[in-house]
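Student: Once you've had a glance at the structure underneath, I'll fire off some questions.
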Amino acid sequence: MHQSPDHPAERPLGSAAKTVLVLSASAVILLCYVSYVVAMLLLALLLACEAVLLVAGARFGLAGFMGSIMRRHAPLLGILFRSFWLNQGTDYRLTIQRAEAPKLFALLENLSARLKIAPPHEVSIEMNSGAWVRLPGYRRGAGRTILGIGYDLLAGLSVSEVEAVMAHEMTHAKLVRRGLKHWLNAGLARTVRVASGLAEVVDAYRRAKVDFTVATALLHGAGALAGLAAGLVAKYSRQDEFEADRGAAELCGANPLRTSLQRLEAMQEKLARLPWPERVAQLQLDESFSRWLVRELALQPPDPAHEAPPEARDPFSTHPSLRDRIAALPAVTATARDDTPAIGLLAEPDRIADQLIAEIQRVLADQEQKDTRSLAKWLDKTQKSSGTDIRWQQLPGFVLVPAGVLVGIAGLLDRVSWPTETLALAMIAGGVWAWRLGRYRDRARLPVPAFAALKRAWQADAAKDLADREKQLEEDLKGQIAAERKQHRQITLLLTDGYAALAQCDYLRAHVAMRLVLARHHKSVEAALGMAVAAAGLHLHDQMGAMLQFLQKQTGFATPATCWGAAWALTLAGDWSSAEALLWRKHAQEPENPTFLALLAMAQLRRNKLQSAALNAGKAVALAPAETEPAKLLAEILLDAGRLRDAAKLLEPLESAAQTDPELAFLMVRLRLLQRAFDAARTWSAALRAATTSAQWLVRLVEAFATARSDEDATRSFNDALAAGFYPEAHLALARLASARRDKATARTHLAASLDLEKTVGEKGAGPLPLFNVILGAVVMLEEPRAGCRAWIATFPNGPAPATPAPLAKRSLLVHAPDQAAAEGYADVILSALQPARPPARASTLFWQPAPKDQQPVRPVRPGVVCVL
């Protein structure tokens, strides 16, 4: 087989060369362990010395300086210690018994007998196209064997091809040195964990523009060890794969294994377009799930003479390239084949699919609960470490507790009678009580608007005359308080007005009112709370962050109003994890409030916690049955989860309202697409178009059709959206469709159009800037991975440069390319697309430098402009 000189073939090694490889990999892993133990001892010694200097320097006011140094070094020791505890991954699989797949078990037993090993002790099914074998134990061919098979693999391959794949896995069970494999993989996992943890620390300090010499030095050493270990362990793993391929070919013939590898490679494109909700929904339709999946994954028979395209070899890949695997197989010989779909190896494939999806959902629900508990712990920790500012109301407690301790010590030393000790205890108890009593308590109740009002406010168009309206509101509010001479009365009136505005989700009026309060009393917690919410509603995120930081120090978000206000602001800002934690706390305080439940469900939806989201949205609907917005939210969650019957039952009573409500009409489209009722989906698509002229709904409509693999409808709607205005997200979606057709030229045309900064973005369009890195990623994905690329940073000049796009001034581009000249070429393509109507900035005028060593690619990457830094 022809092999390009740029992509030299990898071949199975001889026994002597493999022995050298095994010894080298083992020695490097041992070196990693020794290095990390030495590093831990040195760090512990360094921290001990710093602790001594901390105590000694306290007399000279150096305690704070030494404490800050220790706080930097201590986490490094924690990273090294934690690397020795590896977390076990989550399994999404279903264990099956012989009665559920007698033909499959018979096939495995036949292969095991021919290999002279015990058959698998456990067989599991997963919802993917993979196959794997886990081998507890220490010796070759001894110990338990746990086999995993992908349901998609059974649906997409023939019986003969699956037999070849199983022969490959069972050959692993016979030949793999189990103890050595565990030693290498566990050592590598720990090494990579150390390097990743150190990289996060160094990157955080680099973003803050602070040098951290100790962490950087450790990262250089750990990174070098991790790279060396990963390369050797991966090479050893690839040799295991060659051995297993050879064993499978000897058992089943080379042709079934060859075609299975080719078909699995080709199936990945189809599998990428079979979303999880559609799989769940398919179980609820009349058609057999297994027959549907076999049809969706059907491929043309691969040509045995077909040569896999050249691939850049990845030195850290655990599997050889498809091209190398096929080249290493023996010559094809005529063998009897069973080309019936391998899904027939399961006795009742539809029932297995039902049980497997139910098991996956159970595990997902368990993971969601674990995440919820983690959020609760995070919030408890945050609240305990917050609220540290001492209020004047707490000063008596601050004085009484130390005084009581001193009185008690004096009584013990002087052997004074028990009344003195009683007095000391009373002083301490009184101090604690005064301290707790002096903590912040809510003085005003923050309003809780209905979920529908909150939703209308964040979906409303931004006012164009914001500055003029703000000025007018300020004059009106100042006029309302002009008659009040006392400042506290002015503050009360402004707070009342601002909170009333928040009840109506009038964030601008609330913002002005809170700003006037803070101008009179800059430490007003109530005003800061209202300002945080209003600033978030106006997308003033820096101001919101400052207010929340002040509130956290003052209150720890421990009171009902501050907890709700922080949750409200964070929800508006899109910080869904923090918002979920606070909303859980508010829900616990007021379990019958539908607004908290609906917002909690929305935060969980954004974090893909679909089962928890559906549960809470369902409760919100039950508490407010007359409200449509919670029902819409629940319908969206159910559709995202693929719960077709529940979604249909919920949406059926809303069909008449959907004729005039674009959001409901869109949900109807999604419902019909999941039901594979494309004519009905087109009917509801027409209803949506009649209900609104907004092009944003056309963009969402096409995304739904594209997800359902109805590409003609998707392309037509995208073109309609583009006719209504400039929508970069529409160009991006069209590029993805073209890429799926392997039409890279059309894809590049659409991606270039989506970067145009000179066009006016259509109504509620995302614009090129928010999508900039996403678009760059799509451009890079059109390239093939290449070995030998370097990372380059190109910085735009600080001075005036008319050709430089304003949003990129003083910013930098990260580019992957073999050399600087090639990097400049990739950058020129992007710069030309940004301003097509004028002479673009030239990449050669930028300041170019190699990226830092820890940012350099160590494996093949796709060349191009990766992102804006």
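In the structure tokens, chains take the letters A, B, ... in the order shown, each chain's residues start at 1, and ligands count up from 1 in the order shown.
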Give me, as number ranges by chain, all polymer residues having an atom no more than 8 Å from stretch 189-205 of chain A, counting only C-alpha atoms and skipping those fewer than 4 positions away in the same chain.

Tutor: A: 32, 76, 79-80, 83-84, 86, 185, 209-212, 215-216, 218-219, 222-223, 225-226, 854

Student: Put those residues in a file: N, CA, C and O atoms, as a short mmCIF file (atom, residue, chain, number, x, y, z; two decimals), in the first residue's frame.

Tutor:
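What ended up in selection_19.cif:
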```cif
data_model
loop_
_atom_site.label_atom_id
_atom_site.label_comp_id
_atom_site.auth_asym_id
_atom_site.auth_seq_id
_atom_site.Cartn_x
_atom_site.Cartn_y
_atom_site.Cartn_z
N CYS A 32 8.46 9.17 37.24
CA CYS A 32 7.40 10.13 37.59
C CYS A 32 7.05 10.03 39.07
O CYS A 32 6.97 11.04 39.78
N LEU A 76 0.09 23.88 45.68
CA LEU A 76 0.91 23.02 44.84
C LEU A 76 1.12 21.66 45.51
O LEU A 76 1.10 20.62 44.84
N ILE A 79 -1.99 19.63 45.02
CA ILE A 79 -2.10 19.04 43.68
C ILE A 79 -1.33 17.73 43.61
O ILE A 79 -1.80 16.72 43.08
N LEU A 80 -0.12 17.72 44.16
CA LEU A 80 0.70 16.51 44.12
C LEU A 80 0.09 15.40 44.97
O LEU A 80 0.06 14.23 44.56
N SER A 83 -3.06 13.76 43.38
CA SER A 83 -2.83 12.95 42.18
C SER A 83 -2.77 11.46 42.48
O SER A 83 -2.95 10.63 41.58
N PHE A 84 -2.53 11.08 43.74
CA PHE A 84 -2.44 9.66 44.08
C PHE A 84 -3.81 9.03 44.26
O PHE A 84 -3.91 7.82 44.40
N LEU A 86 -7.15 8.50 42.35
CA LEU A 86 -7.81 8.59 41.05
C LEU A 86 -9.29 8.33 41.20
O LEU A 86 -9.70 7.37 41.86
N ASN A 185 -1.05 2.57 32.98
CA ASN A 185 -2.21 3.46 32.83
C ASN A 185 -2.44 4.29 34.08
O ASN A 185 -2.76 5.49 33.99
N LYS A 209 -1.22 38.29 35.10
CA LYS A 209 0.06 38.93 34.82
C LYS A 209 0.97 38.94 36.04
O LYS A 209 1.61 39.94 36.37
N VAL A 210 1.00 37.77 36.72
CA VAL A 210 1.85 37.59 37.89
C VAL A 210 2.74 36.38 37.65
O VAL A 210 2.26 35.33 37.21
N ASP A 211 4.03 36.53 37.92
CA ASP A 211 4.96 35.41 37.78
C ASP A 211 4.86 34.50 38.99
O ASP A 211 4.77 34.97 40.14
N PHE A 212 4.89 33.20 38.75
CA PHE A 212 4.86 32.20 39.82
C PHE A 212 5.98 31.21 39.50
O PHE A 212 5.76 30.18 38.86
N ALA A 215 5.71 27.33 40.65
CA ALA A 215 4.72 26.57 39.88
C ALA A 215 5.17 26.38 38.45
O ALA A 215 4.99 25.31 37.86
N THR A 216 5.78 27.41 37.86
CA THR A 216 6.25 27.31 36.48
C THR A 216 7.35 26.26 36.36
O THR A 216 7.36 25.45 35.41
N LEU A 218 7.84 23.67 38.37
CA LEU A 218 7.22 22.36 38.54
C LEU A 218 6.48 21.94 37.27
O LEU A 218 6.51 20.76 36.88
N LEU A 219 5.81 22.89 36.63
CA LEU A 219 5.06 22.57 35.42
C LEU A 219 5.99 22.12 34.30
O LEU A 219 5.67 21.18 33.56
N ALA A 222 6.94 18.56 35.23
CA ALA A 222 5.79 17.65 35.13
C ALA A 222 5.32 17.52 33.70
O ALA A 222 4.92 16.43 33.25
N GLY A 223 5.34 18.63 32.95
CA GLY A 223 4.91 18.57 31.56
C GLY A 223 5.82 17.70 30.72
O GLY A 223 5.35 16.92 29.88
N LEU A 225 7.71 15.20 31.82
CA LEU A 225 7.49 13.81 32.21
C LEU A 225 6.17 13.28 31.66
O LEU A 225 6.10 12.14 31.18
N ALA A 226 5.12 14.10 31.73
CA ALA A 226 3.82 13.66 31.22
C ALA A 226 3.88 13.40 29.73
O ALA A 226 3.32 12.42 29.23
N ASP A 854 4.41 25.90 27.31
CA ASP A 854 3.31 25.03 27.76
C ASP A 854 2.07 25.17 26.89
O ASP A 854 1.12 24.41 27.06
#
```

Student: Could you pull the residues within 8 Å of stretch 618-629 of chain A, counting only C-alpha atoms, minus those fewer than 3 positions along the same chain, as an NGL selection string?

Tutor: :A and (451-452 or 592-595 or 597-598 or 614-615 or 632-634)

Student: What is the distance between atom CA of A:Leu651 and atom CA of A:Ala706, in Å to one decimal?

Tutor: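 Pair atom CA of A:Leu651 / atom CA of A:Ala706 returns 22.4 Å.
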
Student: Compile the contact shell of stretch 558-571 of chain A as a VMD selection string: residues with an atom at most 8 Å away, counting only C-alpha atoms, same-chain residues fewer than 4 positions apart removed.

Tutor: chain A and resid 383 440 to 442 444 to 446 529 to 530 532 to 537 544 548 551 575 to 576 578 to 580 582 to 583 585 to 586 589 599 603

Student: Please identify the helix (DSSP H, G or I) residues within stretch 62-301 of chain A (assignment by DSSP from backbone atoms) and present them as a ChimeraX atom specification.

Tutor: /A:63-82,98-100,102-115,151-156,159-175,178-207,213-252,254-271,276-282,289-296

Student: Neighbouring residues of stretch 240-256 of chain A were defined as those with any atom within 9 Å, considering only C-alpha atoms; residues of the same chain fewer than 3 positions away were excluded. Please report them as a PDB file with C-alpha atoms, in the first residue's frame.

Tutor:
```pdb
ATOM      1  CA  ARG A  11       4.129  -1.242  11.983  1.00  0.00           C
ATOM      2  CA  PRO A  12       4.047  -3.937  14.679  1.00  0.00           C
ATOM      3  CA  LEU A 111     -14.106 -17.387  20.306  1.00  0.00           C
ATOM      4  CA  ARG A 114     -10.585 -21.148  20.116  1.00  0.00           C
ATOM      5  CA  LEU A 115      -8.329 -18.768  22.080  1.00  0.00           C
ATOM      6  CA  SER A 158     -22.943  -7.401  10.290  1.00  0.00           C
ATOM      7  CA  SER A 160     -19.279 -11.428  10.760  1.00  0.00           C
ATOM      8  CA  GLU A 161     -17.920  -7.940  11.402  1.00  0.00           C
ATOM      9  CA  VAL A 162     -19.026  -7.962  15.029  1.00  0.00           C
ATOM     10  CA  GLU A 163     -17.458 -11.392  15.437  1.00  0.00           C
ATOM     11  CA  ALA A 164     -14.160  -9.913  14.214  1.00  0.00           C
ATOM     12  CA  VAL A 165     -14.475  -7.014  16.670  1.00  0.00           C
ATOM     13  CA  MET A 166     -15.198  -9.430  19.518  1.00  0.00           C
ATOM     14  CA  ALA A 167     -12.239 -11.565  18.474  1.00  0.00           C
ATOM     15  CA  HIS A 168     -10.076  -8.439  18.708  1.00  0.00           C
ATOM     16  CA  GLU A 169     -11.281  -7.757  22.274  1.00  0.00           C
ATOM     17  CA  MET A 170     -10.920 -11.372  23.396  1.00  0.00           C
ATOM     18  CA  THR A 171      -7.389 -11.464  21.991  1.00  0.00           C
ATOM     19  CA  HIS A 172      -6.662  -8.564  24.332  1.00  0.00           C
ATOM     20  CA  LEU A 175      -2.362 -11.401  25.416  1.00  0.00           C
ATOM     21  CA  VAL A 176      -2.396  -8.245  27.561  1.00  0.00           C
ATOM     22  CA  LYS A 235       3.011   3.514  21.694  1.00  0.00           C
ATOM     23  CA  TYR A 236       2.806   0.400  23.883  1.00  0.00           C
ATOM     24  CA  SER A 237      -0.994   0.517  23.639  1.00  0.00           C
ATOM     25  CA  THR A 259     -14.614  -3.900   6.682  1.00  0.00           C
ATOM     26  CA  SER A 260     -15.626  -3.476  10.347  1.00  0.00           C
ATOM     27  CA  LEU A 261     -12.879  -0.867  10.845  1.00  0.00           C
ATOM     28  CA  PRO A 304     -11.887  -3.549   0.036  1.00  0.00           C
ATOM     29  CA  THR A 318      -3.768   4.733  22.025  1.00  0.00           C
ATOM     30  CA  HIS A 319      -4.871   3.243  18.686  1.00  0.00           C
ATOM     31  CA  PRO A 320      -3.028   3.149  15.358  1.00  0.00           C
ATOM     32  CA  ARG A 325      -4.216  -0.894  10.979  1.00  0.00           C
ATOM     33  CA  ILE A 326      -5.457  -1.936   7.546  1.00  0.00           C
ATOM     34  CA  ALA A 328      -0.764  -4.290   8.941  1.00  0.00           C
ATOM     35  CA  LEU A 329      -3.514  -6.875   8.297  1.00  0.00           C
ATOM     36  CA  PRO A 330      -2.671 -10.025   6.359  1.00  0.00           C
ATOM     37  CA  ALA A 331      -3.885 -10.431   2.804  1.00  0.00           C
ATOM     38  CA  VAL A 332      -7.624 -10.899   2.296  1.00  0.00           C
ATOM     39  CA  THR A 333      -8.683 -14.511   1.821  1.00  0.00           C
ATOM     40  CA  ALA A 334     -12.084 -15.889   0.899  1.00  0.00           C
ATOM     41  CA  THR A 335     -14.071 -16.670   4.060  1.00  0.00           C
ATOM     42  CA  ARG A 337     -19.548 -14.321   5.882  1.00  0.00           C
TER      43      ARG A 337
END
```

Student: Contacts of stretch 782-793 of chain A at 6 Å or less, counting only C-alpha atoms, minus same-chain residues fewer than 6 places along, as a short mmCIF file (atom, residue, chain, number, x, y, z; two decimals) with N, CA, C and O atoms, in the first residue's frame?

Tutor:
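Saved file selection_24.cif follows:
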```cif
data_model
loop_
_atom_site.label_atom_id
_atom_site.label_comp_id
_atom_site.auth_asym_id
_atom_site.auth_seq_id
_atom_site.Cartn_x
_atom_site.Cartn_y
_atom_site.Cartn_z
N ALA A 312 -2.17 12.42 9.84
CA ALA A 312 -1.01 12.78 10.63
C ALA A 312 -0.99 11.90 11.88
O ALA A 312 -1.98 11.83 12.59
N LEU A 813 -4.13 37.08 18.49
CA LEU A 813 -4.64 35.87 17.86
C LEU A 813 -3.71 34.71 18.19
O LEU A 813 -2.48 34.86 18.17
N LEU A 814 -4.29 33.55 18.49
CA LEU A 814 -3.51 32.33 18.64
C LEU A 814 -3.64 31.54 17.35
O LEU A 814 -4.76 31.22 16.91
N VAL A 815 -2.51 31.24 16.72
CA VAL A 815 -2.50 30.60 15.41
C VAL A 815 -1.64 29.35 15.48
O VAL A 815 -0.54 29.36 16.06
N HIS A 816 -2.13 28.26 14.89
CA HIS A 816 -1.35 27.04 14.73
C HIS A 816 -0.91 26.94 13.28
O HIS A 816 -1.74 27.02 12.37
N ALA A 817 0.37 26.76 13.08
CA ALA A 817 0.90 26.65 11.72
C ALA A 817 2.32 26.10 11.79
O ALA A 817 2.98 26.20 12.83
N PRO A 818 2.81 25.52 10.68
CA PRO A 818 4.17 24.97 10.70
C PRO A 818 5.24 26.04 10.90
O PRO A 818 6.27 25.78 11.50
N TRP A 848 4.55 39.32 15.98
CA TRP A 848 4.49 37.86 16.05
C TRP A 848 5.54 37.34 17.02
O TRP A 848 6.68 37.81 17.05
N GLN A 849 5.14 36.33 17.78
CA GLN A 849 6.08 35.65 18.66
C GLN A 849 5.57 34.23 18.92
O GLN A 849 4.36 33.98 18.88
N PRO A 850 6.48 33.29 19.17
CA PRO A 850 6.02 31.94 19.52
C PRO A 850 5.27 31.96 20.84
O PRO A 850 5.59 32.73 21.75
N ALA A 851 4.25 31.13 20.96
CA ALA A 851 3.50 31.02 22.21
C ALA A 851 4.39 30.40 23.28
O ALA A 851 5.40 29.76 22.97
N GLN A 856 2.45 25.17 23.47
CA GLN A 856 2.82 24.61 22.18
C GLN A 856 2.16 23.24 22.00
O GLN A 856 2.12 22.42 22.92
N PRO A 860 -0.55 16.25 16.61
CA PRO A 860 -1.08 16.90 15.41
C PRO A 860 -2.30 17.77 15.71
O PRO A 860 -3.17 17.39 16.50
N VAL A 861 -2.34 18.94 15.11
CA VAL A 861 -3.46 19.87 15.29
C VAL A 861 -3.90 20.36 13.93
O VAL A 861 -3.17 20.27 12.93
N ARG A 862 -5.11 20.91 13.90
CA ARG A 862 -5.61 21.52 12.66
C ARG A 862 -5.06 22.94 12.58
O ARG A 862 -5.26 23.73 13.51
#
```

Student: By how many Å are atom CA of A:Ala25 and atom CA of A:Arg134 apart?

Tutor: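 Between these atoms lies a distance of 20.7 Å.
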
Student: Please provide as a list in words all residues within 8 Å of stretch 359-374 of chain A, with the sequence filter that same-chain residues fewer than 6 positions apart are discarded (counting only C-alpha atoms).

Tutor: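 The residues that qualify are Asp91, Tyr92, Arg93, Leu94, Ala581, Lys609, Gln611 and Ser612 of chain A.
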
Student: Write out the residues from the selection above, keeping C-alpha atoms, as a PDB file, in the first residue's frame.

Tutor:
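part-v8.pdb written:
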```pdb
ATOM      1  CA  ASP A  91     -20.451   3.906  33.729  1.00  0.00           C
ATOM      2  CA  TYR A  92     -23.492   4.275  31.474  1.00  0.00           C
ATOM      3  CA  ARG A  93     -24.031   0.619  30.651  1.00  0.00           C
ATOM      4  CA  LEU A  94     -26.419  -2.274  31.138  1.00  0.00           C
ATOM      5  CA  ALA A 581     -27.135  26.870  44.268  1.00  0.00           C
ATOM      6  CA  LYS A 609     -29.604  18.608  34.311  1.00  0.00           C
ATOM      7  CA  GLN A 611     -34.325  15.256  34.897  1.00  0.00           C
ATOM      8  CA  SER A 612     -34.039  17.644  37.831  1.00  0.00           C
TER       9      SER A 612
END
```

Student: Using only C-alpha atoms, which residues sit within 8 Å of A:Gln504 once same-chain residues fewer than 2 positions away are excluded, as a list in words?

Tutor: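 The contact residues come out as Pro449, Ala453, Ala500, Ala501, Leu502 and Asp506 of chain A.
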
Student: Given the choices A:His731, A:Lys18, A:Lys103, A:Arg742, which gets closest to A:Val159 if the distance is worked out from only C-alpha atoms?

Tutor: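 Smallest separation from A:Val159 among the options: A:Lys103.
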
Student: Please report, as JSON lines, each residue of stretch 787-868 of chain A lying at most 7 Å from stretch 759-779 of chain A, together with the nearest pair of atoms and the separation in Å rounded to one decimal; use only C-alpha atoms, and order rows by chain and ascending residue number.

Tutor:
```
{"residue": "A:Val865", "atom": "CA", "partner": "A:Leu776", "partner_atom": "CA", "distance": 6.4}
{"residue": "A:Val866", "atom": "CA", "partner": "A:Leu776", "partner_atom": "CA", "distance": 6.0}
{"residue": "A:Cys867", "atom": "CA", "partner": "A:Asn773", "partner_atom": "CA", "distance": 5.2}
{"residue": "A:Val868", "atom": "CA", "partner": "A:Asn773", "partner_atom": "CA", "distance": 6.7}
```

Student: Can you list, as a list in words, every residue of stretch 603-842 of chain A that DSSP puts in strand (DSSP E or B)?

Tutor: Phe726, Val761, Arg786, Arg790, Ala791, Trp792, Ile793, Ala794, Thr795, Ser812, Leu813, Leu814, Val815, His816 and Ala817 of chain A

Student: Go ahead and write the selection's residues with N, CA, C and O atoms as a PDB file, in the first residue's frame.

Tutor:
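Output file selection.pdb is given in full below:
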```
ATOM      1  N   PHE A 726     -28.801  40.313   8.230  1.00  0.00           N
ATOM      2  CA  PHE A 726     -27.503  39.653   8.376  1.00  0.00           C
ATOM      3  C   PHE A 726     -27.488  38.898   9.696  1.00  0.00           C
ATOM      4  O   PHE A 726     -27.552  39.487  10.780  1.00  0.00           O
ATOM      5  N   VAL A 761     -26.179  43.861  11.912  1.00  0.00           N
ATOM      6  CA  VAL A 761     -26.753  42.575  12.313  1.00  0.00           C
ATOM      7  C   VAL A 761     -28.269  42.698  12.375  1.00  0.00           C
ATOM      8  O   VAL A 761     -28.820  43.720  12.801  1.00  0.00           O
ATOM      9  N   ARG A 786      -2.397  18.268  11.216  1.00  0.00           N
ATOM     10  CA  ARG A 786      -1.046  18.205  10.683  1.00  0.00           C
ATOM     11  C   ARG A 786      -0.054  18.083  11.826  1.00  0.00           C
ATOM     12  O   ARG A 786      -0.200  18.731  12.866  1.00  0.00           O
ATOM     13  N   ARG A 790       3.311  24.629  15.101  1.00  0.00           N
ATOM     14  CA  ARG A 790       3.687  25.382  16.301  1.00  0.00           C
ATOM     15  C   ARG A 790       2.591  26.391  16.608  1.00  0.00           C
ATOM     16  O   ARG A 790       1.775  26.727  15.746  1.00  0.00           O
ATOM     17  N   ALA A 791       2.561  26.857  17.835  1.00  0.00           N
ATOM     18  CA  ALA A 791       1.591  27.879  18.236  1.00  0.00           C
ATOM     19  C   ALA A 791       2.256  29.247  18.168  1.00  0.00           C
ATOM     20  O   ALA A 791       3.371  29.437  18.676  1.00  0.00           O
ATOM     21  N   TRP A 792       1.553  30.185  17.530  1.00  0.00           N
ATOM     22  CA  TRP A 792       2.059  31.551  17.375  1.00  0.00           C
ATOM     23  C   TRP A 792       1.045  32.523  17.964  1.00  0.00           C
ATOM     24  O   TRP A 792      -0.160  32.296  17.883  1.00  0.00           O
ATOM     25  N   ILE A 793       1.545  33.609  18.530  1.00  0.00           N
ATOM     26  CA  ILE A 793       0.680  34.670  19.043  1.00  0.00           C
ATOM     27  C   ILE A 793       0.954  35.930  18.232  1.00  0.00           C
ATOM     28  O   ILE A 793       2.094  36.401  18.162  1.00  0.00           O
ATOM     29  N   ALA A 794      -0.102  36.432  17.607  1.00  0.00           N
ATOM     30  CA  ALA A 794       0.000  37.650  16.800  1.00  0.00           C
ATOM     31  C   ALA A 794      -0.771  38.755  17.503  1.00  0.00           C
ATOM     32  O   ALA A 794      -1.981  38.630  17.708  1.00  0.00           O
ATOM     33  N   THR A 795      -0.082  39.814  17.892  1.00  0.00           N
ATOM     34  CA  THR A 795      -0.691  40.902  18.664  1.00  0.00           C
ATOM     35  C   THR A 795      -0.893  42.122  17.779  1.00  0.00           C
ATOM     36  O   THR A 795       0.033  42.531  17.056  1.00  0.00           O
ATOM     37  N   SER A 812      -4.927  39.758  20.763  1.00  0.00           N
ATOM     38  CA  SER A 812      -3.984  38.840  20.119  1.00  0.00           C
ATOM     39  C   SER A 812      -4.721  37.655  19.525  1.00  0.00           C
ATOM     40  O   SER A 812      -5.804  37.275  19.998  1.00  0.00           O
ATOM     41  N   LEU A 813      -4.127  37.079  18.491  1.00  0.00           N
ATOM     42  CA  LEU A 813      -4.643  35.867  17.865  1.00  0.00           C
ATOM     43  C   LEU A 813      -3.707  34.708  18.189  1.00  0.00           C
ATOM     44  O   LEU A 813      -2.483  34.863  18.165  1.00  0.00           O
ATOM     45  N   LEU A 814      -4.293  33.554  18.487  1.00  0.00           N
ATOM     46  CA  LEU A 814      -3.513  32.332  18.644  1.00  0.00           C
ATOM     47  C   LEU A 814      -3.642  31.543  17.352  1.00  0.00           C
ATOM     48  O   LEU A 814      -4.761  31.224  16.915  1.00  0.00           O
ATOM     49  N   VAL A 815      -2.507  31.244  16.721  1.00  0.00           N
ATOM     50  CA  VAL A 815      -2.499  30.597  15.410  1.00  0.00           C
ATOM     51  C   VAL A 815      -1.639  29.346  15.481  1.00  0.00           C
ATOM     52  O   VAL A 815      -0.540  29.359  16.056  1.00  0.00           O
ATOM     53  N   HIS A 816      -2.134  28.258  14.891  1.00  0.00           N
ATOM     54  CA  HIS A 816      -1.351  27.039  14.734  1.00  0.00           C
ATOM     55  C   HIS A 816      -0.909  26.938  13.282  1.00  0.00           C
ATOM     56  O   HIS A 816      -1.739  27.020  12.368  1.00  0.00           O
ATOM     57  N   ALA A 817       0.370  26.760  13.080  1.00  0.00           N
ATOM     58  CA  ALA A 817       0.904  26.653  11.717  1.00  0.00           C
ATOM     59  C   ALA A 817       2.316  26.097  11.794  1.00  0.00           C
ATOM     60  O   ALA A 817       2.982  26.199  12.833  1.00  0.00           O
TER      61      ALA A 817
END
```

Student: Which one is closest to A:Ala809: A:Pro797, A:Gly725, A:Pro119, A:Gly227? Count only C-alpha atoms.

Tutor: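 Among the listed residues, A:Pro797 lies closest to A:Ala809.
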
Student: Please determine, counting only C-alpha atoms, which residue among A:His511, A:Lys455, A:Arg485, A:Arg811 has the shortest atom-to-atom distance to A:Leu473.

Tutor: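 Answer, going by the shortest atom-to-atom distance: A:His511.
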
Student: Have a look at atom CA of A:Ala229 and atom CA of A:Met781 and let me know their distance in Å, one decimal.

Tutor: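 Value for the atom CA of A:Ala229-atom CA of A:Met781 distance: 28.3 Å.
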